[in-house]
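Everything below belongs to model_36.cif, which stores mmCIF, C-alpha atoms.
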data_input
loop_
_atom_site.label_atom_id
_atom_site.label_comp_id
_atom_site.auth_asym_id
_atom_site.auth_seq_id
_atom_site.Cartn_x
_atom_site.Cartn_y
_atom_site.Cartn_z
CA MET Z 1 0.00 0.00 0.00
CA SER Z 2 1.16 3.50 -0.71
CA LYS Z 3 2.73 5.18 2.32
CA VAL Z 4 3.55 8.70 3.29
CA ARG Z 5 7.05 8.49 4.72
CA VAL Z 6 10.09 10.32 5.93
CA SER Z 7 13.33 8.53 5.06
CA SER Z 8 17.00 9.01 5.85
CA PHE Z 9 16.21 12.17 7.75
CA SER Z 10 19.25 13.16 9.78
CA ILE Z 11 18.90 14.37 13.34
CA SER Z 12 21.37 15.13 16.09
CA ILE Z 13 21.58 13.42 19.48
CA ASP Z 14 19.81 16.43 20.96
CA GLY Z 15 16.98 16.17 18.45
CA PHE Z 16 17.66 18.90 15.93
CA GLY Z 17 16.93 18.30 12.26
CA ALA Z 18 18.62 21.43 10.92
CA GLY Z 19 21.11 23.94 12.16
CA ALA Z 20 20.29 27.56 12.88
CA ARG Z 21 20.38 30.50 10.43
CA GLN Z 22 19.85 28.73 7.12
CA ASP Z 23 20.95 30.79 4.11
CA LEU Z 24 22.61 30.43 0.72
CA GLN Z 25 25.94 29.54 2.32
CA ASN Z 26 24.32 27.27 4.88
CA PRO Z 27 21.50 25.38 3.17
CA LEU Z 28 21.32 22.98 6.14
CA GLY Z 29 21.83 25.72 8.71
CA VAL Z 30 25.04 26.42 10.58
CA ARG Z 31 26.82 23.11 11.31
CA GLY Z 32 23.95 21.28 9.62
CA PRO Z 33 26.28 19.23 7.38
CA GLU Z 34 27.75 17.53 10.47
CA MET Z 35 24.44 15.69 10.81
CA PHE Z 36 24.82 14.42 7.22
CA SER Z 37 28.36 13.15 7.64
CA TRP Z 38 27.08 9.54 7.61
CA PHE Z 39 25.31 10.15 4.28
CA PHE Z 40 28.24 11.92 2.61
CA GLN Z 41 30.30 8.77 3.13
CA THR Z 42 27.84 6.44 1.39
CA ASP Z 43 28.09 5.14 -2.14
CA VAL Z 44 24.60 6.52 -2.79
CA TRP Z 45 25.87 10.04 -2.18
CA LYS Z 46 29.17 9.55 -4.01
CA LYS Z 47 27.32 8.35 -7.11
CA MET Z 48 25.09 11.43 -7.00
CA GLN Z 49 28.32 13.44 -7.24
CA GLY Z 50 29.55 11.35 -10.15
CA GLU Z 51 32.11 9.71 -7.90
CA SER Z 52 32.67 6.18 -6.70
CA GLY Z 53 34.23 4.42 -3.75
CA GLY Z 54 31.61 5.30 -1.16
CA GLY Z 55 30.69 3.08 1.77
CA GLN Z 56 28.72 -0.08 0.98
CA GLY Z 57 27.63 -0.95 4.50
CA VAL Z 58 24.52 -0.43 6.61
CA ASP Z 59 24.43 3.34 6.17
CA ASN Z 60 24.50 2.91 2.40
CA GLN Z 61 21.76 0.27 2.46
CA MET Z 62 19.60 2.64 4.46
CA ALA Z 63 20.27 5.46 2.01
CA GLU Z 64 19.37 3.17 -0.89
CA ARG Z 65 16.13 2.09 0.72
CA ALA Z 66 15.20 5.72 1.24
CA PHE Z 67 14.98 6.18 -2.53
CA GLU Z 68 13.18 2.92 -3.32
CA ASN Z 69 9.52 2.91 -4.31
CA VAL Z 70 9.19 6.70 -4.04
CA GLY Z 71 6.64 8.03 -6.55
CA ALA Z 72 6.59 11.67 -5.47
CA TRP Z 73 8.24 14.04 -2.99
CA ILE Z 74 7.05 16.95 -0.92
CA LEU Z 75 9.53 19.63 0.10
CA GLY Z 76 9.13 22.75 2.16
CA ARG Z 77 10.17 25.86 0.35
CA ASN Z 78 13.28 26.36 2.47
CA MET Z 79 14.47 22.96 1.43
CA PHE Z 80 14.04 23.97 -2.19
CA GLY Z 81 16.07 27.13 -1.75
CA PRO Z 82 17.01 30.24 0.17
CA VAL Z 83 14.68 32.59 -1.74
CA ARG Z 84 12.00 34.14 0.52
CA GLY Z 85 8.84 36.01 -0.50
CA PRO Z 86 7.66 36.22 -4.12
CA TRP Z 87 9.94 34.61 -6.72
CA PRO Z 88 11.96 37.49 -8.21
CA ASP Z 89 12.47 35.46 -11.39
CA GLU Z 90 12.83 31.84 -12.38
CA SER Z 91 16.57 31.59 -12.00
CA TRP Z 92 16.57 29.59 -8.75
CA LYS Z 93 16.21 25.93 -9.68
CA GLY Z 94 17.01 24.20 -6.42
CA TRP Z 95 20.25 23.24 -4.73
CA TRP Z 96 20.87 20.22 -6.90
CA GLY Z 97 22.05 21.41 -10.35
CA ASP Z 98 20.52 20.43 -13.69
CA GLU Z 99 19.70 16.87 -12.71
CA PRO Z 100 18.25 16.70 -9.19
CA PRO Z 101 18.32 13.32 -7.40
CA TYR Z 102 14.52 12.93 -7.32
CA HIS Z 103 13.62 11.68 -10.82
CA VAL Z 104 9.88 11.95 -10.03
CA PRO Z 105 7.43 14.84 -9.43
CA VAL Z 106 8.38 17.02 -6.47
CA PHE Z 107 5.78 19.23 -4.81
CA VAL Z 108 7.20 22.37 -3.20
CA LEU Z 109 5.13 24.15 -0.55
CA THR Z 110 5.12 27.90 -1.13
CA HIS Z 111 2.85 30.91 -0.80
CA HIS Z 112 3.97 32.26 -4.16
CA VAL Z 113 2.80 31.10 -7.55
CA ARG Z 114 5.35 29.75 -9.99
CA LYS Z 115 4.92 27.55 -13.00
CA PRO Z 116 6.19 23.96 -12.96
CA LEU Z 117 9.88 23.50 -13.58
CA ALA Z 118 10.99 20.41 -15.51
CA MET Z 119 14.57 19.35 -14.87
CA GLN Z 120 16.76 16.71 -16.43
CA GLY Z 121 16.32 13.11 -15.32
CA GLY Z 122 12.58 13.15 -14.71
CA THR Z 123 12.32 15.60 -11.83
CA THR Z 124 9.60 18.22 -12.18
CA PHE Z 125 9.12 20.78 -9.43
CA HIS Z 126 5.49 21.74 -8.89
CA PHE Z 127 4.85 24.78 -6.72
CA VAL Z 128 1.80 24.32 -4.50
CA THR Z 129 0.21 27.44 -3.07
CA ASP Z 130 -2.97 26.06 -1.57
CA GLY Z 131 -1.53 24.24 1.41
CA ALA Z 132 0.01 21.04 2.70
CA GLU Z 133 -3.18 19.02 2.37
CA SER Z 134 -3.46 19.90 -1.29
CA ALA Z 135 0.21 19.11 -1.88
CA LEU Z 136 -0.28 15.67 -0.33
CA LYS Z 137 -3.33 15.00 -2.47
CA ARG Z 138 -1.46 15.92 -5.62
CA ALA Z 139 1.63 13.95 -4.56
CA ARG Z 140 -0.45 10.84 -3.90
CA GLU Z 141 -2.00 11.09 -7.34
CA ALA Z 142 1.38 11.63 -8.98
CA ALA Z 143 2.89 8.72 -7.03
CA ALA Z 144 0.33 6.37 -8.59
CA GLY Z 145 0.50 3.73 -5.89
CA LYS Z 146 4.12 4.26 -4.90
CA ASP Z 147 5.09 6.08 -1.71
CA VAL Z 148 5.13 9.81 -1.07
CA ARG Z 149 8.33 10.89 0.63
CA ILE Z 150 8.25 14.01 2.78
CA GLY Z 151 11.77 15.27 2.23
CA GLY Z 152 11.72 18.02 4.82
CA GLY Z 153 12.69 20.37 6.22
CA VAL Z 154 11.82 20.16 9.86
CA SER Z 155 8.78 22.44 9.82
CA THR Z 156 7.27 20.56 6.89
CA ILE Z 157 7.68 17.21 8.64
CA ARG Z 158 6.22 18.64 11.85
CA GLN Z 159 3.23 19.95 9.93
CA TYR Z 160 2.43 16.54 8.40
CA LEU Z 161 3.13 14.75 11.68
CA LEU Z 162 0.69 16.93 13.56
CA ALA Z 163 -1.89 16.42 10.83
CA GLY Z 164 -1.55 12.66 11.40
CA GLN Z 165 -0.56 12.11 7.79
CA ILE Z 166 2.81 10.39 8.15
CA ASP Z 167 2.85 6.58 8.22
CA GLU Z 168 6.51 5.93 8.95
CA MET Z 169 9.78 7.67 9.57
CA HIS Z 170 13.34 6.54 9.18
CA LEU Z 171 15.61 8.84 11.17
CA ALA Z 172 19.38 8.71 10.99
CA MET Z 173 20.69 9.85 14.35
CA SER Z 174 24.17 11.25 14.01
CA PRO Z 175 26.60 11.40 16.92
CA VAL Z 176 26.69 15.18 17.07
CA LEU Z 177 25.24 17.81 19.37
CA MET Z 178 23.74 20.80 17.58
CA GLY Z 179 22.68 22.82 20.62
CA GLU Z 180 20.45 25.06 18.51
CA GLY Z 181 18.51 24.94 15.28
CA GLU Z 182 15.21 23.40 14.29
CA HIS Z 183 14.04 20.73 16.69
CA LEU Z 184 12.14 17.88 15.08
CA PHE Z 185 9.92 16.75 17.95
CA ALA Z 186 9.74 19.57 20.53
CA GLY Z 187 6.16 19.78 21.74
CA ILE Z 188 5.07 16.81 19.62
CA ASN Z 189 3.90 13.69 21.46
CA LEU Z 190 4.81 10.87 19.07
CA GLN Z 191 3.43 8.23 21.41
CA GLN Z 192 0.06 9.95 21.43
CA LEU Z 193 0.17 10.28 17.65
CA GLY Z 194 0.32 6.49 17.52
CA PHE Z 195 3.97 5.92 16.70
CA ARG Z 196 6.32 3.30 18.07
CA VAL Z 197 9.93 2.39 17.38
CA ALA Z 198 9.90 -0.63 15.09
CA GLN Z 199 13.65 -1.06 14.83
CA SER Z 200 16.98 0.51 15.70
CA VAL Z 201 19.92 -0.39 13.50
CA ALA Z 202 23.52 0.62 14.07
CA GLY Z 203 25.15 1.96 10.94
CA GLU Z 204 28.82 2.81 10.51
CA ASN Z 205 28.29 6.50 11.20
CA ALA Z 206 24.68 6.89 12.35
CA THR Z 207 22.01 4.98 14.22
CA HIS Z 208 18.99 4.29 12.05
CA ILE Z 209 15.67 4.42 13.84
CA LEU Z 210 12.54 3.15 12.15
CA ILE Z 211 9.35 4.60 13.55
CA GLU Z 212 5.92 3.49 12.42
CA LYS Z 213 2.28 3.74 13.32
CA ARG Z 214 1.07 1.08 15.75
CA GLN Z 215 -1.40 -1.31 14.14
CA MET I 1 41.59 13.31 37.76
CA SER I 2 38.31 13.24 39.61
CA LYS I 3 35.32 13.83 37.34
CA VAL I 4 31.72 14.77 37.85
CA ARG I 5 29.83 12.42 35.57
CA VAL I 6 26.50 11.05 34.52
CA SER I 7 26.66 7.37 33.59
CA SER I 8 24.26 4.84 32.12
CA PHE I 9 21.50 7.40 32.12
CA SER I 10 18.64 6.09 29.99
CA ILE I 11 16.82 8.36 27.59
CA SER I 12 14.23 7.79 24.90
CA ILE I 13 14.62 8.54 21.19
CA ASP I 14 12.57 11.67 21.75
CA GLY I 15 14.86 12.84 24.54
CA PHE I 16 12.94 12.06 27.72
CA GLY I 17 14.81 10.82 30.78
CA ALA I 18 11.75 9.91 32.85
CA GLY I 19 8.11 9.23 32.22
CA ALA I 20 5.30 11.46 33.43
CA ARG I 21 3.49 11.28 36.79
CA GLN I 22 6.14 9.68 39.00
CA ASP I 23 4.72 8.12 42.17
CA LEU I 24 5.14 5.12 44.44
CA GLN I 25 3.83 2.75 41.76
CA ASN I 26 5.80 4.48 39.02
CA PRO I 27 9.20 5.43 40.40
CA LEU I 28 10.47 6.07 36.86
CA GLY I 29 7.23 7.71 35.75
CA VAL I 30 4.59 6.09 33.59
CA ARG I 31 6.26 3.83 31.00
CA GLY I 32 9.65 4.85 32.44
CA PRO I 33 10.84 1.23 32.80
CA GLU I 34 10.69 0.82 29.01
CA MET I 35 13.73 3.08 28.81
CA PHE I 36 15.59 0.77 31.19
CA SER I 37 14.83 -2.42 29.31
CA TRP I 38 18.45 -2.60 28.08
CA PHE I 39 19.71 -2.40 31.68
CA PHE I 40 17.30 -4.97 33.10
CA GLN I 41 18.77 -7.51 30.68
CA THR I 42 22.37 -7.03 31.82
CA ASP I 43 24.30 -9.25 34.18
CA VAL I 44 25.03 -6.18 36.31
CA TRP I 45 21.32 -5.76 37.00
CA LYS I 46 20.62 -9.47 37.43
CA LYS I 47 23.38 -9.72 40.05
CA MET I 48 21.85 -6.79 41.94
CA GLN I 49 18.69 -8.88 42.13
CA GLY I 50 20.64 -11.92 43.36
CA GLU I 51 20.13 -13.60 40.01
CA SER I 52 22.47 -14.73 37.28
CA GLY I 53 22.36 -15.30 33.55
CA GLY I 54 22.19 -11.68 32.44
CA GLY I 55 23.68 -10.39 29.21
CA GLN I 56 27.47 -10.14 29.03
CA GLY I 57 27.76 -7.96 25.94
CA VAL I 58 28.26 -4.28 25.22
CA ASP I 59 25.29 -3.13 27.30
CA ASN I 60 26.64 -5.00 30.29
CA GLN I 61 30.14 -3.59 29.84
CA MET I 62 28.68 -0.10 29.78
CA ALA I 63 26.67 -0.79 32.93
CA GLU I 64 29.82 -2.10 34.65
CA ARG I 65 31.84 0.95 33.68
CA ALA I 66 29.15 3.17 35.11
CA PHE I 67 29.90 1.84 38.58
CA GLU I 68 33.70 1.89 38.29
CA ASN I 69 35.75 4.49 40.14
CA VAL I 70 32.68 6.17 41.68
CA GLY I 71 33.49 7.62 45.11
CA ALA I 72 30.19 9.37 45.82
CA TRP I 73 26.76 9.88 44.29
CA ILE I 74 24.34 12.77 44.15
CA LEU I 75 20.62 12.08 43.79
CA GLY I 76 17.66 14.38 43.54
CA ARG I 77 15.06 13.77 46.17
CA ASN I 78 12.55 12.31 43.73
CA MET I 79 15.10 9.70 42.77
CA PHE I 80 15.47 8.81 46.43
CA GLY I 81 11.75 8.37 46.89
CA PRO I 82 8.17 9.50 46.38
CA VAL I 83 7.89 11.38 49.69
CA ARG I 84 7.25 15.12 49.19
CA GLY I 85 7.51 17.92 51.74
CA PRO I 86 8.92 17.38 55.26
CA TRP I 87 9.87 13.81 56.12
CA PRO I 88 6.89 12.44 58.12
CA ASP I 89 9.23 9.93 59.80
CA GLU I 90 12.35 7.97 58.94
CA SER I 91 10.63 4.95 57.49
CA TRP I 92 11.40 5.70 53.83
CA LYS I 93 14.86 4.35 53.11
CA GLY I 94 15.00 4.54 49.33
CA TRP I 95 13.75 2.26 46.57
CA TRP I 96 16.58 -0.24 46.92
CA GLY I 97 15.97 -2.33 50.07
CA ASP I 98 18.44 -2.87 52.91
CA GLU I 99 21.52 -2.95 50.70
CA PRO I 100 21.40 -0.25 48.01
CA PRO I 101 23.67 -0.66 44.97
CA TYR I 102 25.81 2.40 45.78
CA HIS I 103 28.26 1.19 48.45
CA VAL I 104 29.62 4.72 48.93
CA PRO I 105 28.26 7.98 50.37
CA VAL I 106 25.16 9.25 48.54
CA PHE I 107 24.13 12.89 48.83
CA VAL I 108 20.40 13.48 48.45
CA LEU I 109 19.18 16.98 47.55
CA THR I 110 16.23 17.99 49.71
CA HIS I 111 14.73 21.04 51.36
CA HIS I 112 13.99 19.11 54.53
CA VAL I 113 16.46 18.18 57.26
CA ARG I 114 17.01 14.54 58.03
CA LYS I 115 19.87 12.80 59.73
CA PRO I 116 22.23 10.55 57.78
CA LEU I 117 21.01 7.05 57.07
CA ALA I 118 23.56 4.25 57.05
CA MET I 119 22.53 1.19 55.05
CA GLN I 120 24.11 -2.21 54.61
CA GLY I 121 26.99 -2.57 52.19
CA GLY I 122 28.60 0.81 52.72
CA THR I 123 25.90 3.13 51.41
CA THR I 124 25.13 6.13 53.62
CA PHE I 125 22.49 8.60 52.53
CA HIS I 126 23.31 12.18 53.50
CA PHE I 127 20.48 14.70 53.18
CA VAL I 128 21.74 18.05 51.90
CA THR I 129 19.52 21.06 52.51
CA ASP I 130 21.80 23.91 51.48
CA GLY I 131 21.77 23.41 47.73
CA ALA I 132 23.34 21.62 44.80
CA GLU I 133 26.65 23.46 45.06
CA SER I 134 27.08 22.35 48.66
CA ALA I 135 26.12 18.78 47.80
CA LEU I 136 28.78 18.71 45.09
CA LYS I 137 31.41 20.07 47.45
CA ARG I 138 30.61 17.43 50.04
CA ALA I 139 30.46 14.68 47.41
CA ARG I 140 33.87 15.66 46.03
CA GLU I 141 35.36 15.49 49.51
CA ALA I 142 33.74 12.15 50.22
CA ALA I 143 34.88 10.77 46.86
CA ALA I 144 38.49 11.44 47.84
CA GLY I 145 39.87 11.58 44.33
CA LYS I 146 37.40 9.19 42.73
CA ASP I 147 34.54 10.40 40.53
CA VAL I 148 31.26 11.90 41.63
CA ARG I 149 28.33 10.36 39.78
CA ILE I 150 25.20 12.43 39.36
CA GLY I 151 22.59 9.69 39.44
CA GLY I 152 19.62 11.81 38.45
CA GLY I 153 16.79 12.43 38.05
CA VAL I 154 16.38 14.68 35.08
CA SER I 155 15.97 17.95 36.95
CA THR I 156 19.09 17.28 39.03
CA ILE I 157 21.18 16.57 35.94
CA ARG I 158 19.81 19.68 34.23
CA GLN I 159 20.70 21.77 37.26
CA TYR I 160 24.34 20.60 37.29
CA LEU I 161 24.59 20.87 33.49
CA LEU I 162 23.43 24.47 33.51
CA ALA I 163 25.87 25.24 36.33
CA GLY I 164 28.67 23.93 34.08
CA GLN I 165 29.66 21.31 36.64
CA ILE I 166 29.35 18.10 34.66
CA ASP I 167 32.47 16.82 32.90
CA GLU I 168 31.05 13.88 30.99
CA MET I 169 27.83 12.01 30.33
CA HIS I 170 27.16 8.50 29.17
CA LEU I 171 23.61 8.28 27.87
CA ALA I 172 21.94 5.02 26.95
CA MET I 173 19.44 5.80 24.23
CA SER I 174 16.67 3.23 24.18
CA PRO I 175 14.58 2.55 21.09
CA VAL I 176 11.36 3.81 22.63
CA LEU I 177 9.23 6.93 22.21
CA MET I 178 7.95 8.39 25.47
CA GLY I 179 5.97 11.29 24.07
CA GLU I 180 5.77 12.97 27.47
CA GLY I 181 7.69 13.11 30.72
CA GLU I 182 10.84 14.90 31.80
CA HIS I 183 12.97 16.03 28.87
CA LEU I 184 16.70 15.95 29.51
CA PHE I 185 17.92 18.69 27.17
CA ALA I 186 14.94 20.91 26.27
CA GLY I 187 16.17 24.49 26.30
CA ILE I 188 19.75 23.46 27.10
CA ASN I 189 22.41 24.19 24.47
CA LEU I 190 24.97 21.43 25.00
CA GLN I 191 27.19 22.72 22.23
CA GLN I 192 27.38 26.11 23.88
CA LEU I 193 28.10 24.45 27.23
CA GLY I 194 31.22 22.99 25.63
CA PHE I 195 30.14 19.40 25.05
CA ARG I 196 30.81 17.18 22.08
CA VAL I 197 30.01 13.56 21.29
CA ALA I 198 33.16 11.56 21.91
CA GLN I 199 31.77 8.18 20.91
CA SER I 200 28.61 6.34 19.96
CA VAL I 201 28.55 2.60 20.62
CA ALA I 202 25.80 0.20 19.59
CA GLY I 203 24.77 -2.10 22.41
CA GLU I 204 22.40 -5.03 22.15
CA ASN I 205 19.39 -3.03 23.34
CA ALA I 206 20.51 0.60 23.52
CA THR I 207 22.87 3.00 21.82
CA HIS I 208 25.51 4.32 24.18
CA ILE I 209 26.52 7.91 23.63
CA LEU I 210 29.56 9.33 25.36
CA ILE I 211 29.50 13.10 25.68
CA GLU I 212 32.41 15.06 27.09
CA LYS I 213 33.71 18.58 27.44
CA ARG I 214 35.81 19.76 24.52
CA GLN I 215 39.44 20.30 25.49
#
Could the structure of this file be written out as structure tokens, please?
Amino acid sequence: MSKVRVSSFSISIDGFGAGARQDLQNPLGVRGPEMFSWFFQTDVWKKMQGESGGGQGVDNQMAERAFENVGAWILGRNMFGPVRGPWPDESWKGWWGDEPPYHVPVFVLTHHVRKPLAMQGGTTFHFVTDGAESALKRAREAAAGKDVRIGGGVSTIRQYLLAGQIDEMHLAMSPVLMGEGEHLFAGINLQQLGFRVAQSVAGENATHILIEKRQ
Amino acid sequence: MSKVRVSSFSISIDGFGAGARQDLQNPLGVRGPEMFSWFFQTDVWKKMQGESGGGQGVDNQMAERAFENVGAWILGRNMFGPVRGPWPDESWKGWWGDEPPYHVPVFVLTHHVRKPLAMQGGTTFHFVTDGAESALKRAREAAAGKDVRIGGGVSTIRQYLLAGQIDEMHLAMSPVLMGEGEHLFAGINLQQLGFRVAQSVAGENATHILIEKRQ
């Protein structure tokens, strides 16, 4: 059955999912990349960069699984880019170059209208201005029976969590302390929302925690 | 050198160190014991219960290390017992029976005077009414060069963290979601306090995270 899921989402020991003060120089927030250290060492990541020789272990398997059976993505606007307010023009095309790693329709939450943007490799960015519910509806349709992956960032995941619309989450807990930034769970009672930890798997550079809805 | 440390302190994936609504029936708060599941399976714990056959792996090694070189403990009053307000009498002697697992002086933070309580096996509970700073001073003296272990609970650890008096912490992160209870780090910036993650070690039933002050 089609699921709405969060996959390979990196958090710190102290529960942050992004660093503070995100901007063009710090797309993951200040010190954010430290949380992604595990991912940057995987073969999945190296191949995205046109390189080889990345890790082939547990972390890499988890990164691979995160991309499997995904029919559509949803991203918050900050994850798409640093532009705020109305789009000044159409020059910003995401952080990922000409061929983004999605290869399926990607729905970007924004308050500002912009026409769809087709990239190389099958990724098309659709800009959704009528809310998270609408984005999910469109993503489900586009996914055509495959899963919808909520890519992030933190506030987007929190929004779908609180709406009860996420079926499972795979978090990659990195051995770093952020101290400040965007906290993934603060004020959210995951137990009350029906989640439980299904599995905890030690990777080479992160601990992978699989969280799912209780049956 | 003598350290002030937190050891084998269990937390949930969502950062809680105790469940909600602690009372006589729930000394660790509601669902609190789920966070200690890893510990209850160790040989260290089984031996405390006069049993044998507990796990001998990584979790057990971590539990053993937590008791090594400890010369004195500090406990918050709620960790000592469920009694609130002035001591009605001297009948409450802790959760641990006639021979508590400490075997050294234990300093209990309280607002209410009570004379020292000597138990079997070398544990003496001292009730400290003039604050956390004083308790630490007395514990350091009693430890005579060994470490002072801050046993908990959450609010006691937070107090010493914020005062900059903790040198290292070993947290055992259990694969459970509490959803509510006492959060260990909410509002505390560990990075700013000078901590970093020194090591993350996968145990059989918990992930052990060693946090220390940066040099």
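Listed by chain and then by number, the residues chosen by the PyMOL selection byres ((chain Z) within 8 of (chain I)) in this file are Asp14, Gly15, Pro175, Val176, Leu177, Met178, Gly179, Glu180, Phe185, Ala186, Ile188, Asn189, Leu190, Gln191, Gln192, Phe195, Arg196, Val197, Gln199, Ser200, Ala202, Thr207 and Ile209 of chain Z.
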Next item on the list: Find the residue from Z:Ala20, Z:Ala72, Z:Val106, Z:Leu117 that sits nearest to Z:Asp147; use all atoms listed in the file when measuring.
Entry: Z:Ala72
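Between Z:Asp167 and the candidates Z:Met119, Z:Ala144, Z:Val108, Z:Val4, the tightest atom-to-atom separation, counting all atoms listed in the file, involves Z:Val4.
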Margin query: To test your reading of the syntax: which residues would the PyMOL selection byres ((chain Z and resi 19) around 8) return for the file shown? Reply as a count of residues only.
Written below: 15
Margin query: Counting all atoms listed in the file, which residue out of Z:Pro86, Z:Gly131, Z:Gly121, Z:Gly71 sits closest to Z:Pro105?
Written below: Z:Gly71
Next item on the list: Would you mind reading off the distance between atom CA of Z:Ile74 and atom CA of Z:Arg149, one decimal, in Å?
Entry: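 If I compute the distance from atom CA of Z:Ile74 to atom CA of Z:Arg149, I get 6.4 Å.
Note that the spacing between atom CA of Z:Ser91 and atom CA of Z:Lys46 amounts to 26.6 Å.
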Next item on the list: Quick one: pull the distance between atom CA of Z:Gly145 and atom CA of Z:Pro116, Å, one decimal.
Entry: 22.2 Å
Margin query: Here's the selection I'm unsure about, the PyMOL selection byres ((chain Z and resi 102) around 12); applied to the file above, which residues does it give, as a ChimeraX atom specification?
Written below: /Z:48,66-75,94,96-101,103-107,118-125,148-151
Next item on the list: Select, from Z:Gln215, Z:Asn78, Z:Thr42, Z:Thr129, the residue with the minimum atom-to-atom distance to Z:Leu24, counting only C-alpha atoms.
Entry: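 For Z:Leu24, the nearest of the candidates is Z:Asn78.
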Would you compute, for all listed atoms of stretch 90-93 of chain Z, the axis-aligned bounding box grown by 8 Å on each side, and then report its centre and edge lengths in Å rounded to one decimal, as AutoDock Vina command-line options?
--center_x 14.7 --center_y 28.9 --center_z -10.6 --size_x 19.7 --size_y 21.9 --size_z 19.6
Checklist line | From I:Phe39, I:Thr110, I:Lys213, I:Met79, residue lying nearest I:Gly164 [only C-alpha atoms] | finding: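 Closest to I:Gly164 of all the choices is I:Lys213.
Candidate residues Z:Met1, Z:Val58, Z:Ala172, Z:Ala63 were compared for distance to Z:His208, and the nearest is Z:Ala172, using all atoms listed in the file.
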Export: stretch 180-194 of chain I, N, CA and C atoms, as a compact mmCIF listing (two decimals), in the first residue's frame:
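The result, stored in decode-v7.txt:
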# COMPACT_ATOMS: atom_id res chain seq x y z
N GLU I 180 5.89 11.99 26.38
CA GLU I 180 5.77 12.97 27.47
C GLU I 180 6.64 12.51 28.63
N GLY I 181 6.86 13.41 29.58
CA GLY I 181 7.69 13.11 30.72
C GLY I 181 8.67 14.23 30.96
N GLU I 182 9.83 13.88 31.53
CA GLU I 182 10.84 14.90 31.80
C GLU I 182 11.90 14.85 30.71
N HIS I 183 12.03 15.96 29.99
CA HIS I 183 12.97 16.03 28.87
C HIS I 183 14.35 16.44 29.38
N LEU I 184 15.37 15.71 28.94
CA LEU I 184 16.70 15.95 29.51
C LEU I 184 17.33 17.25 29.02
N PHE I 185 17.15 17.59 27.75
CA PHE I 185 17.92 18.69 27.17
C PHE I 185 17.09 19.88 26.71
N ALA I 186 15.77 19.82 26.81
CA ALA I 186 14.94 20.91 26.27
C ALA I 186 15.44 22.25 26.81
N GLY I 187 15.73 23.16 25.90
CA GLY I 187 16.17 24.49 26.30
C GLY I 187 17.62 24.56 26.76
N ILE I 188 18.34 23.45 26.71
CA ILE I 188 19.75 23.46 27.10
C ILE I 188 20.61 23.30 25.85
N ASN I 189 21.53 24.23 25.64
CA ASN I 189 22.41 24.19 24.47
C ASN I 189 23.73 23.52 24.86
N LEU I 190 23.80 22.21 24.59
CA LEU I 190 24.97 21.43 25.00
C LEU I 190 26.23 21.84 24.26
N GLN I 191 26.05 22.25 23.03
CA GLN I 191 27.19 22.72 22.23
C GLN I 191 27.81 23.96 22.88
N GLN I 192 26.92 24.88 23.25
CA GLN I 192 27.38 26.11 23.88
C GLN I 192 28.02 25.84 25.25
N LEU I 193 27.53 24.81 25.93
CA LEU I 193 28.10 24.45 27.23
C LEU I 193 29.45 23.75 27.08
N GLY I 194 29.87 23.52 25.84
CA GLY I 194 31.22 22.99 25.63
C GLY I 194 31.28 21.49 25.41
